[in-house]
$ cat protein_11.tsv   # TSV, C-alpha atoms
chain	number	residue	atom	x	y	z
A	1	ALA	CA	107.67	121.58	119.47
A	2	CYS	CA	108.19	117.92	118.53
A	3	VAL	CA	106.06	118.28	115.39
A	4	SER	CA	107.92	121.43	114.35
A	5	ALA	CA	111.28	119.73	114.88
A	6	MET	CA	110.32	116.89	112.53
A	7	ALA	CA	108.71	119.02	109.82
A	8	PRO	CA	108.05	118.72	106.98
A	9	LEU	CA	105.99	115.58	107.52
A	10	ASP	CA	104.14	113.61	104.85
A	11	LEU	CA	102.25	111.17	107.08
A	12	VAL	CA	101.20	111.17	110.73
A	13	VAL	CA	99.55	108.17	112.40
A	14	ASN	CA	97.85	109.11	115.65
A	15	CYS	CA	97.86	106.10	117.99
A	16	ALA	CA	97.95	108.11	121.22
A	17	ALA	CA	95.01	107.43	123.51
A	18	MET	CA	93.77	106.57	126.95
A	19	SER	CA	92.43	103.22	125.78
A	20	SER	CA	91.19	101.54	128.96
A	21	PRO	CA	87.38	101.94	129.01
A	22	GLY	CA	87.35	101.50	132.78
A	23	LYS	CA	89.97	104.19	133.36
A	24	CYS	CA	88.21	106.51	130.91
A	25	GLU	CA	84.98	106.09	132.87
A	26	LYS	CA	86.70	107.04	136.12
A	27	GLU	CA	88.58	109.99	134.59
A	28	ALA	CA	86.20	111.24	131.93
A	29	GLU	CA	87.58	114.76	131.61
A	30	LEU	CA	91.15	113.50	131.26
A	31	ALA	CA	90.02	110.94	128.69
A	32	MET	CA	88.40	113.63	126.57
A	33	ASN	CA	91.47	115.86	126.80
A	34	LEU	CA	93.85	113.05	125.85
A	35	ASN	CA	91.77	111.32	123.19
A	36	VAL	CA	90.66	114.37	121.20
A	37	PRO	CA	93.82	115.50	119.31
A	38	THR	CA	93.22	119.25	119.38
A	39	ARG	CA	96.87	120.26	119.79
A	40	LEU	CA	98.10	117.69	117.26
A	41	CYS	CA	95.73	119.00	114.59
A	42	LYS	CA	96.71	122.60	115.30
A	43	SER	CA	100.43	121.78	115.15
A	44	LEU	CA	100.12	119.87	111.89
A	45	MET	CA	98.06	122.64	110.33
A	46	ASN	CA	100.91	125.02	111.08
A	47	GLN	CA	103.33	123.03	108.94
A	48	GLY	CA	102.83	125.21	105.91
A	49	ASP	CA	101.52	124.73	102.39
A	50	THR	CA	100.64	121.04	102.67
A	51	ALA	CA	99.46	119.49	105.89
A	52	PRO	CA	100.57	115.87	106.29
A	53	PHE	CA	98.10	113.08	105.67
A	54	LEU	CA	96.65	112.27	109.10
A	55	VAL	CA	95.58	108.73	109.97
A	56	HIS	CA	93.70	108.62	113.27
A	57	LEU	CA	93.15	105.28	115.00
A	58	SER	CA	89.62	105.23	116.35
A	59	THR	CA	87.62	102.33	117.79
A	60	ASP	CA	84.70	99.99	117.18
A	61	GLN	CA	83.32	101.26	120.49
A	62	VAL	CA	81.81	104.26	118.74
A	63	TYR	CA	78.95	101.83	117.94
A	64	ASP	CA	76.33	100.98	120.56
A	65	GLY	CA	76.54	97.21	120.12
A	66	GLY	CA	72.86	96.80	119.43
A	67	SER	CA	73.24	95.04	116.08
A	68	PRO	CA	75.88	92.92	114.36
A	69	ASN	CA	78.09	93.81	111.40
A	70	SER	CA	77.90	97.60	111.57
A	71	VAL	CA	78.60	99.53	108.36
A	72	GLU	CA	80.25	102.95	108.66
A	73	ASP	CA	77.92	104.89	106.36
A	74	VAL	CA	74.77	103.04	107.45
A	75	ASN	CA	74.95	102.55	111.22
A	76	ALA	CA	75.18	105.85	113.06
A	77	PRO	CA	77.68	105.91	115.93
A	78	SER	CA	76.14	105.97	119.39
A	79	PRO	CA	78.76	105.11	122.01
A	80	VAL	CA	77.64	103.78	125.38
A	81	ASN	CA	80.73	104.67	127.43
A	82	THR	CA	83.19	107.53	127.90
A	83	TYR	CA	85.93	105.84	125.90
A	84	GLY	CA	83.69	105.49	122.85
A	85	ARG	CA	82.40	109.05	123.22
A	86	SER	CA	85.93	110.45	123.46
A	87	LYS	CA	87.01	108.61	120.31
A	88	LEU	CA	83.90	109.75	118.43
A	89	ASN	CA	84.60	113.33	119.53
A	90	ALA	CA	88.12	112.90	118.14
A	91	GLU	CA	86.74	111.80	114.76
A	92	LEU	CA	84.40	114.81	114.69
A	93	HIS	CA	87.11	117.26	115.74
A	94	ILE	CA	89.43	116.08	112.97
A	95	ALA	CA	86.65	116.20	110.39
A	96	GLU	CA	85.70	119.74	111.37
A	97	ASN	CA	89.16	121.23	111.90
A	98	TYR	CA	91.69	119.43	109.70
A	99	VAL	CA	92.31	119.89	105.97
A	100	ALA	CA	89.48	118.31	103.98
A	101	GLY	CA	90.59	115.18	102.16
A	102	ARG	CA	93.87	114.96	104.11
A	103	HIS	CA	92.70	112.74	106.95
A	104	VAL	CA	90.99	109.45	107.69
A	105	SER	CA	89.81	107.81	110.91
A	106	LEU	CA	90.07	104.03	111.15
A	107	ARG	CA	87.71	102.32	113.58
A	108	SER	CA	89.76	99.43	114.87
A	109	SER	CA	88.57	96.35	116.69
A	110	ILE	CA	90.74	94.30	119.08
A	111	ILE	CA	94.33	94.44	117.79
A	112	THR	CA	96.47	91.30	117.91
A	113	GLY	CA	100.19	90.77	117.55
A	114	SER	CA	103.30	89.84	119.48
A	115	GLN	CA	104.99	92.10	122.00
A	116	PRO	CA	106.94	94.95	120.31
A	117	PRO	CA	110.57	93.75	120.25
A	118	LEU	CA	112.18	97.10	121.05
A	119	ARG	CA	109.84	98.31	123.78
A	120	PRO	CA	107.44	95.65	125.10
A	121	VAL	CA	104.26	96.86	126.77
A	122	SER	CA	104.05	96.40	130.53
A	123	ARG	CA	100.91	94.25	130.55
A	124	PRO	CA	100.11	90.83	129.08
A	125	LEU	CA	98.53	90.96	125.63
A	126	PHE	CA	95.10	89.39	125.20
A	127	HIS	CA	96.37	86.44	123.18
A	128	ASP	CA	99.07	85.85	125.83
A	129	PHE	CA	96.29	85.65	128.43
A	130	ILE	CA	94.45	83.09	126.31
A	131	VAL	CA	97.54	80.97	125.71
A	132	ASN	CA	98.50	81.00	129.39
A	133	SER	CA	94.94	80.13	130.38
A	134	LEU	CA	94.90	77.11	128.09
A	135	LYS	CA	98.10	75.81	129.68
A	136	GLY	CA	96.49	75.51	133.10
A	137	ASP	CA	93.99	73.05	134.55
A	138	GLU	CA	91.71	75.49	136.31
A	139	ALA	CA	88.61	76.82	134.57
A	140	VAL	CA	89.04	80.29	133.07
A	141	THR	CA	85.99	82.39	132.18
A	142	PHE	CA	85.52	84.08	128.82
A	143	PHE	CA	82.56	86.18	127.69
A	144	GLU	CA	80.21	84.42	125.29
A	145	ASP	CA	77.93	87.35	124.47
A	146	GLU	CA	80.25	90.17	123.31
A	147	TYR	CA	81.33	90.10	119.69
A	148	ARG	CA	84.28	91.75	117.99
A	149	CYS	CA	86.21	91.50	114.69
A	150	PRO	CA	89.87	91.26	115.78
A	151	ILE	CA	92.53	92.50	113.39
A	152	ALA	CA	96.29	91.86	113.26
A	153	ALA	CA	98.68	94.78	113.76
A	154	VAL	CA	100.46	93.85	110.52
A	155	ASP	CA	97.20	94.24	108.60
A	156	ILE	CA	96.67	97.67	110.15
A	157	VAL	CA	100.13	98.66	108.95
A	158	ALA	CA	99.30	97.36	105.47
A	159	HIS	CA	96.10	99.45	105.40
A	160	ILE	CA	97.96	102.59	106.48
A	161	VAL	CA	100.78	102.11	103.96
A	162	ALA	CA	98.25	101.64	101.17
A	163	LEU	CA	96.24	104.70	102.23
A	164	SER	CA	99.36	106.87	102.41
A	165	LYS	CA	100.34	105.85	98.90
A	166	LEU	CA	96.87	106.57	97.59
A	167	ALA	CA	96.74	109.93	99.31
A	168	GLY	CA	100.11	111.20	98.12
A	169	LYS	CA	100.03	114.98	98.23
A	170	ASP	CA	96.48	115.34	96.96
A	171	ALA	CA	93.23	115.69	98.86
A	172	MET	CA	91.12	112.55	98.53
A	173	THR	CA	87.67	114.09	98.32
A	174	ASP	CA	85.94	110.86	97.24
A	175	TRP	CA	86.95	108.92	100.36
A	176	LEU	CA	84.83	108.40	103.43
A	177	MET	CA	86.25	110.27	106.40
A	178	ARG	CA	85.84	107.19	108.61
A	179	TYR	CA	86.31	103.49	107.86
A	180	ASN	CA	85.68	100.32	109.82
A	181	MET	CA	88.91	98.38	110.26
A	182	GLY	CA	88.37	94.86	111.53
A	183	GLY	CA	89.24	91.33	110.61
A	184	PRO	CA	86.93	88.93	108.73
A	185	ASP	CA	85.76	86.94	111.78
A	186	ARG	CA	82.91	87.91	114.11
A	187	LEU	CA	83.92	86.28	117.38
A	188	SER	CA	83.13	86.21	121.05
A	189	ARG	CA	85.99	85.82	123.49
A	190	VAL	CA	84.92	82.20	123.98
A	191	ASP	CA	85.30	81.69	120.22
A	192	MET	CA	88.76	83.27	120.34
A	193	ALA	CA	89.87	81.00	123.18
A	194	ARG	CA	88.56	77.82	121.53
A	195	GLN	CA	90.06	78.64	118.15
A	196	THR	CA	93.39	79.39	119.83
A	197	ALA	CA	93.25	75.95	121.46
A	198	GLU	CA	92.83	74.48	117.97
A	199	VAL	CA	95.90	76.36	116.74
A	200	LEU	CA	97.94	75.13	119.72
A	201	GLY	CA	96.60	71.60	119.44
A	202	VAL	CA	95.48	71.57	123.07
A	203	SER	CA	92.22	70.95	124.87
A	204	ASP	CA	89.78	73.78	125.50
A	205	ALA	CA	88.15	71.93	128.39
A	206	ASN	CA	89.00	74.65	130.89
A	207	VAL	CA	87.38	77.40	128.80
A	208	GLU	CA	84.24	78.40	130.69
A	209	ALA	CA	81.66	80.49	128.83
A	210	VAL	CA	79.97	83.19	130.93
A	211	SER	CA	77.77	86.20	130.34
A	212	SER	CA	79.43	89.61	130.37
A	213	ALA	CA	76.79	90.63	132.92
A	214	SER	CA	78.39	88.22	135.40
A	215	VAL	CA	81.29	90.63	135.93
A	216	ASP	CA	81.05	94.23	137.15
A	217	ARG	CA	83.71	96.07	135.16
A	218	GLY	CA	82.58	99.51	136.28
A	219	VAL	CA	81.78	100.51	132.71
A	220	ILE	CA	79.11	99.70	130.14
A	221	SER	CA	80.52	97.53	127.38
A	222	PRO	CA	78.75	97.28	124.00
A	223	ALA	CA	77.52	93.75	123.28
A	224	ASP	CA	78.01	93.32	119.54
A	225	ILE	CA	80.32	95.77	117.81
A	226	SER	CA	81.27	93.45	115.01
A	227	MET	CA	81.82	95.43	111.81
A	228	LEU	CA	81.94	94.95	108.08
A	229	SER	CA	85.18	96.40	106.73
A	230	ASN	CA	84.56	95.78	103.03
A	231	LYS	CA	84.87	99.43	102.04
A	232	LEU	CA	88.36	99.85	103.52
A	233	ASN	CA	89.52	96.46	102.21
A	234	SER	CA	88.34	97.35	98.71
A	235	LEU	CA	90.11	100.71	98.85
A	236	THR	CA	93.46	99.42	100.10
A	237	LEU	CA	93.30	95.94	98.51
A	238	VAL	CA	94.29	94.45	101.86
A	239	SER	CA	92.74	91.12	102.90
A	240	PRO	CA	93.06	90.91	106.69
A	241	MET	CA	93.77	87.48	108.15
A	242	GLY	CA	91.32	85.59	110.33
A	243	TRP	CA	91.78	84.82	114.02
A	244	LYS	CA	93.59	81.48	113.64
A	245	ASP	CA	96.16	82.98	111.28
A	246	GLN	CA	96.55	85.95	113.61
A	247	MET	CA	97.40	83.56	116.44
A	248	ARG	CA	99.82	81.57	114.31
A	249	LEU	CA	101.61	84.78	113.34
A	250	ALA	CA	101.71	86.20	116.88
A	251	LEU	CA	103.00	82.95	118.36
A	252	GLY	CA	105.58	82.56	115.61
A	253	MET	CA	106.84	86.12	116.04
A	254	ALA	CA	107.06	85.66	119.80
A	255	LYS	CA	109.23	82.56	119.36
A	256	MET	CA	111.46	84.40	116.90
A	257	TYR	CA	112.03	87.29	119.32
A	258	GLU	CA	112.73	84.87	122.18
A	259	GLY	CA	115.40	83.23	120.05
A	260	ARG	CA	117.13	86.59	119.55
A	261	SER	CA	117.19	87.53	123.23

$ encode --input "protein_11.tsv" --output "structure tokens"
Amino acid sequence: ACVSAMAPLDLVVNCAAMSSPGKCEKEAELAMNLNVPTRLCKSLMNQGDTAPFLVHLSTDQVYDGGSPNSVEDVNAPSPVNTYGRSKLNAELHIAENYVAGRHVSLRSSIITGSQPPLRPVSRPLFHDFIVNSLKGDEAVTFFEDEYRCPIAAVDIVAHIVALSKLAGKDAMTDWLMRYNMGGPDRLSRVDMARQTAEVLGVSDANVEAVSSASVDRGVISPADISMLSNKLNSLTLVSPMGWKDQMRLALGMAKMYEGRS
């Protein structure tokens, strides 16, 4: 009903998901039902002559983490947990059921940015956790053996805007159906914490490096799902910022919003 009320639509960005791997593992059936956009695809297909261009946000967790710098048309997806499997199933469902050339799935890594000013999320963001940890004296543990390619929310928006302009009303048959979407840096969480300390100009003495195996999270987590995103960057002409610039931007935006409140 919501889709029909807004029609006709030119672009739809599907961000809806159960995104906690731990929760997905505990409620696998619900995760599959929520993360595979069957009803969304059906509703959009009913729009009429031209279905809107559909951008689906997927995840780096479709990869198994067995090797660094995965490439979308070289490394086959092989998720190790329910969250990754549900997101891969979503990619496959869209590819099989939506209008050919009118969709793309973007495999995102960790997303950084400040709290949304209009409707903040109810939990601390990862970079907030890092900043708050660096302010204290007690040791805080960070994983040293899981690697990601974090990307700023503003760079995701830039990718999507560029893709929507390229797509227009025509089917883009020469595109890949799925693209990696990460930043340029392959980092562990220890790396992220230490680089954030550099940005803040504070000590990282309380950053304690530990193995991911030292914590039972109730879900298998892939070790190295770093990705190369060259193909998407070349298509959109977007150059995503590295971690330090992501932190500078997030911290600057947070200060700006605090000043307005």

$ closest_atom_pairs --input "protein_11.tsv" --of "segment 145-237 of chain A" --to "segment 101-114 of chain A" --cutoff "7 Å" --atoms "all atoms listed in the file" --output "JSON lines"
{"residue": "A:Arg148", "atom": "CA", "partner": "A:Ser109", "partner_atom": "CA", "distance": 6.4}
{"residue": "A:Cys149", "atom": "CA", "partner": "A:Ser109", "partner_atom": "CA", "distance": 5.8}
{"residue": "A:Pro150", "atom": "CA", "partner": "A:Ile110", "partner_atom": "CA", "distance": 4.6}
{"residue": "A:Ile151", "atom": "CA", "partner": "A:Ile111", "partner_atom": "CA", "distance": 5.1}
{"residue": "A:Ala152", "atom": "CA", "partner": "A:Thr112", "partner_atom": "CA", "distance": 4.7}
{"residue": "A:Ala153", "atom": "CA", "partner": "A:Gly113", "partner_atom": "CA", "distance": 5.7}
{"residue": "A:Ala171", "atom": "CA", "partner": "A:Gly101", "partner_atom": "CA", "distance": 4.3}
{"residue": "A:Met172", "atom": "CA", "partner": "A:Gly101", "partner_atom": "CA", "distance": 4.5}
{"residue": "A:Thr173", "atom": "CA", "partner": "A:Gly101", "partner_atom": "CA", "distance": 4.9}
{"residue": "A:Met177", "atom": "CA", "partner": "A:Val104", "partner_atom": "CA", "distance": 5.0}
{"residue": "A:Arg178", "atom": "CA", "partner": "A:Ser105", "partner_atom": "CA", "distance": 4.6}
{"residue": "A:Tyr179", "atom": "CA", "partner": "A:Leu106", "partner_atom": "CA", "distance": 5.0}
{"residue": "A:Asn180", "atom": "CA", "partner": "A:Arg107", "partner_atom": "CA", "distance": 4.7}
{"residue": "A:Met181", "atom": "CA", "partner": "A:Ser108", "partner_atom": "CA", "distance": 4.8}
{"residue": "A:Gly182", "atom": "CA", "partner": "A:Ser109", "partner_atom": "CA", "distance": 5.4}

$ write_last_selection --input "protein_11.tsv" --atoms "C-alpha atoms" --output "PDB file, in the coordinates of the input"
ATOM      1  CA  ARG A 148      84.280  91.750 117.990  1.00  0.00           C
ATOM      2  CA  CYS A 149      86.210  91.500 114.690  1.00  0.00           C
ATOM      3  CA  PRO A 150      89.870  91.260 115.780  1.00  0.00           C
ATOM      4  CA  ILE A 151      92.530  92.500 113.390  1.00  0.00           C
ATOM      5  CA  ALA A 152      96.290  91.860 113.260  1.00  0.00           C
ATOM      6  CA  ALA A 153      98.680  94.780 113.760  1.00  0.00           C
ATOM      7  CA  ALA A 171      93.230 115.690  98.860  1.00  0.00           C
ATOM      8  CA  MET A 172      91.120 112.550  98.530  1.00  0.00           C
ATOM      9  CA  THR A 173      87.670 114.090  98.320  1.00  0.00           C
ATOM     10  CA  MET A 177      86.250 110.270 106.400  1.00  0.00           C
ATOM     11  CA  ARG A 178      85.840 107.190 108.610  1.00  0.00           C
ATOM     12  CA  TYR A 179      86.310 103.490 107.860  1.00  0.00           C
ATOM     13  CA  ASN A 180      85.680 100.320 109.820  1.00  0.00           C
ATOM     14  CA  MET A 181      88.910  98.380 110.260  1.00  0.00           C
ATOM     15  CA  GLY A 182      88.370  94.860 111.530  1.00  0.00           C
TER      16      GLY A 182
END

$ atom_distance --input "protein_11.tsv" --atom1 "atom CA of His127 of chain A" --atom2 "atom CA of Met247 of chain A"
7.4 Å

$ closest_atom_pairs --input "protein_11.tsv" --of "segment 154-260 of chain A" --to "segment 18-28 of chain A" --cutoff "7 Å" --atoms "all atoms listed in the file" --output "Markdown table"
| residue | atom | partner | partner_atom | distance |
| --- | --- | --- | --- | --- |
| A:Arg217 | CA | A:Gly22 | CA | 7.0 |
| A:Gly218 | CA | A:Gly22 | CA | 6.2 |
| A:Val219 | CA | A:Gly22 | CA | 5.7 |

$ closest_residue --input "protein_11.tsv" --among "A:Val157, A:Val80, A:Ala17, A:Ala209" --to "Asp224 of chain A" --atoms "only C-alpha atoms"
A:Val80

$ closest_residue --input "protein_11.tsv" --among "A:Lys244, A:Lys231, A:Lys87, A:His56" --to "Asn33 of chain A" --atoms "only C-alpha atoms"
A:Lys87

$ atom_distance --input "protein_11.tsv" --atom1 "atom CA of Gly84 of chain A" --atom2 "atom CA of Ile225 of chain A"
11.5 Å

$ closest_residue --input "protein_11.tsv" --among "A:Glu144, A:Val13, A:Glu72, A:Ala100" --to "Ser214 of chain A" --atoms "only C-alpha atoms"
A:Glu144

$ residues_near_point --input "protein_11.tsv" --point "(93.2, 73.6, 133.9)" --cutoff "12 Å" --atoms "only C-alpha atoms" --output "ChimeraX atom specification"
/A:131-141,202-208

$ atom_distance --input "protein_11.tsv" --atom1 "atom CA of Pro8 of chain A" --atom2 "atom CA of Gln47 of chain A"
6.7 Å

$ residues_around --input "protein_11.tsv" --residues "Asp155 of chain A" --least-positions-apart "6" --cutoff "9 Å" --atoms "all atoms listed in the file" --output "list in words"
Gly183, Val238, Ser239, Pro240 and Met241 of chain A

$ closest_residue --input "protein_11.tsv" --among "A:Leu34, A:Ala76, A:Leu235, A:Val99" --to "Asp60 of chain A" --atoms "all atoms listed in the file"
A:Ala76

$ axis_aligned_box --input "protein_11.tsv" --around "segment 205-218 of chain A" --padding-each-side "4 Å" --output "AutoDock Vina command-line options"
--center_x 82.9 --center_y 85.7 --center_z 132.8 --size_x 20.2 --size_y 35.6 --size_z 16.8

$ closest_residue --input "protein_11.tsv" --among "A:Gln246, A:Val12, A:Val199, A:Met6" --to "Ala51 of chain A" --atoms "all atoms listed in the file"
A:Val12

$ residues_around --input "protein_11.tsv" --residues "Pro68 of chain A" --least-positions-apart "5" --cutoff "9 Å" --atoms "only C-alpha atoms" --output "list in words"
Tyr147, Arg186, Asp224, Ile225, Ser226, Met227 and Leu228 of chain A

$ closest_residue --input "protein_11.tsv" --among "A:Asp145, A:Asp245, A:Asp191, A:Glu91" --to "Leu57 of chain A" --atoms "all atoms listed in the file"
A:Glu91

$ residues_around --input "protein_11.tsv" --residues "Met45 of chain A" --least-positions-apart "5" --cutoff "10 Å" --atoms "only C-alpha atoms" --output "list in words"
Arg39, Leu40, Thr50, Ala51, Pro52, Asn97, Tyr98 and Val99 of chain A

$ residues_near_point --input "protein_11.tsv" --point "(85.9, 110.1, 122.1)" --cutoff "9 Å" --atoms "all atoms listed in the file" --output "PyMOL selection string"
chain A and resi 31-32+35-36+58+62+79+82-92

$ build_atoms --input "protein_11.tsv" --residues "segment 161-194 of chain A" --atoms "N, CA and C atoms" --output "CSV table (one decimal), in the coordinates of the input"
chain,number,residue,atom,x,y,z
A,161,VAL,N,99.8,101.9,105.1
A,161,VAL,CA,100.8,102.1,104.0
A,161,VAL,C,100.0,102.3,102.6
A,162,ALA,N,99.0,101.5,102.4
A,162,ALA,CA,98.2,101.6,101.2
A,162,ALA,C,97.5,103.0,101.1
A,163,LEU,N,96.9,103.4,102.2
A,163,LEU,CA,96.2,104.7,102.2
A,163,LEU,C,97.2,105.9,102.0
A,164,SER,N,98.4,105.8,102.6
A,164,SER,CA,99.4,106.9,102.4
A,164,SER,C,99.8,107.0,101.0
A,165,LYS,N,99.9,105.8,100.3
A,165,LYS,CA,100.3,105.8,98.9
A,165,LYS,C,99.2,106.4,98.0
A,166,LEU,N,98.0,106.1,98.4
A,166,LEU,CA,96.9,106.6,97.6
A,166,LEU,C,96.7,108.1,97.8
A,167,ALA,N,96.9,108.5,99.0
A,167,ALA,CA,96.7,109.9,99.3
A,167,ALA,C,97.8,110.8,98.6
A,168,GLY,N,99.1,110.4,98.7
A,168,GLY,CA,100.1,111.2,98.1
A,168,GLY,C,100.1,112.6,98.7
A,169,LYS,N,100.1,113.6,97.8
A,169,LYS,CA,100.0,115.0,98.2
A,169,LYS,C,98.6,115.6,98.0
A,170,ASP,N,97.8,114.8,97.4
A,170,ASP,CA,96.5,115.3,97.0
A,170,ASP,C,95.4,115.0,98.0
A,171,ALA,N,94.4,115.9,98.0
A,171,ALA,CA,93.2,115.7,98.9
A,171,ALA,C,92.3,114.6,98.2
A,172,MET,N,92.0,113.6,99.0
A,172,MET,CA,91.1,112.6,98.5
A,172,MET,C,89.7,112.9,98.9
A,173,THR,N,89.0,113.6,98.0
A,173,THR,CA,87.7,114.1,98.3
A,173,THR,C,86.6,113.0,98.1
A,174,ASP,N,86.9,111.9,97.5
A,174,ASP,CA,85.9,110.9,97.2
A,174,ASP,C,86.0,109.8,98.3
A,175,TRP,N,86.9,109.9,99.3
A,175,TRP,CA,87.0,108.9,100.4
A,175,TRP,C,85.9,109.2,101.4
A,176,LEU,N,85.5,108.2,102.2
A,176,LEU,CA,84.8,108.4,103.4
A,176,LEU,C,85.8,109.0,104.4
A,177,MET,N,85.3,109.7,105.4
A,177,MET,CA,86.2,110.3,106.4
A,177,MET,C,86.5,109.2,107.5
A,178,ARG,N,85.7,108.2,107.6
A,178,ARG,CA,85.8,107.2,108.6
A,178,ARG,C,85.6,105.8,108.0
A,179,TYR,N,86.5,104.9,108.4
A,179,TYR,CA,86.3,103.5,107.9
A,179,TYR,C,86.4,102.5,109.0
A,180,ASN,N,85.5,101.5,108.9
A,180,ASN,CA,85.7,100.3,109.8
A,180,ASN,C,87.0,99.6,109.5
A,181,MET,N,87.7,99.1,110.5
A,181,MET,CA,88.9,98.4,110.3
A,181,MET,C,89.0,97.2,111.2
A,182,GLY,N,88.4,96.1,110.7
A,182,GLY,CA,88.4,94.9,111.5
A,182,GLY,C,88.8,93.7,110.7
A,183,GLY,N,88.9,92.5,111.3
A,183,GLY,CA,89.2,91.3,110.6
A,183,GLY,C,88.0,90.7,110.1
A,184,PRO,N,88.1,89.6,109.4
A,184,PRO,CA,86.9,88.9,108.7
A,184,PRO,C,86.0,88.1,109.7
A,185,ASP,N,86.5,87.8,110.9
A,185,ASP,CA,85.8,86.9,111.8
A,185,ASP,C,85.0,87.7,112.8
A,186,ARG,N,83.7,87.4,113.0
A,186,ARG,CA,82.9,87.9,114.1
A,186,ARG,C,83.0,86.9,115.2
A,187,LEU,N,83.6,87.3,116.3
A,187,LEU,CA,83.9,86.3,117.4
A,187,LEU,C,83.6,86.8,118.8
A,188,SER,N,83.2,85.9,119.6
A,188,SER,CA,83.1,86.2,121.0
A,188,SER,C,84.5,85.8,121.6
A,189,ARG,N,84.7,86.2,122.9
A,189,ARG,CA,86.0,85.8,123.5
A,189,ARG,C,86.1,84.3,123.7
A,190,VAL,N,84.9,83.7,123.9
A,190,VAL,CA,84.9,82.2,124.0
A,190,VAL,C,85.4,81.6,122.6
A,191,ASP,N,84.9,82.1,121.5
A,191,ASP,CA,85.3,81.7,120.2
A,191,ASP,C,86.8,81.9,120.1
A,192,MET,N,87.3,83.0,120.5
A,192,MET,CA,88.8,83.3,120.3
A,192,MET,C,89.6,82.2,121.1
A,193,ALA,N,89.1,82.0,122.3
A,193,ALA,CA,89.9,81.0,123.2
A,193,ALA,C,89.8,79.6,122.6
A,194,ARG,N,88.7,79.2,122.1
A,194,ARG,CA,88.6,77.8,121.5
A,194,ARG,C,89.3,77.7,120.2
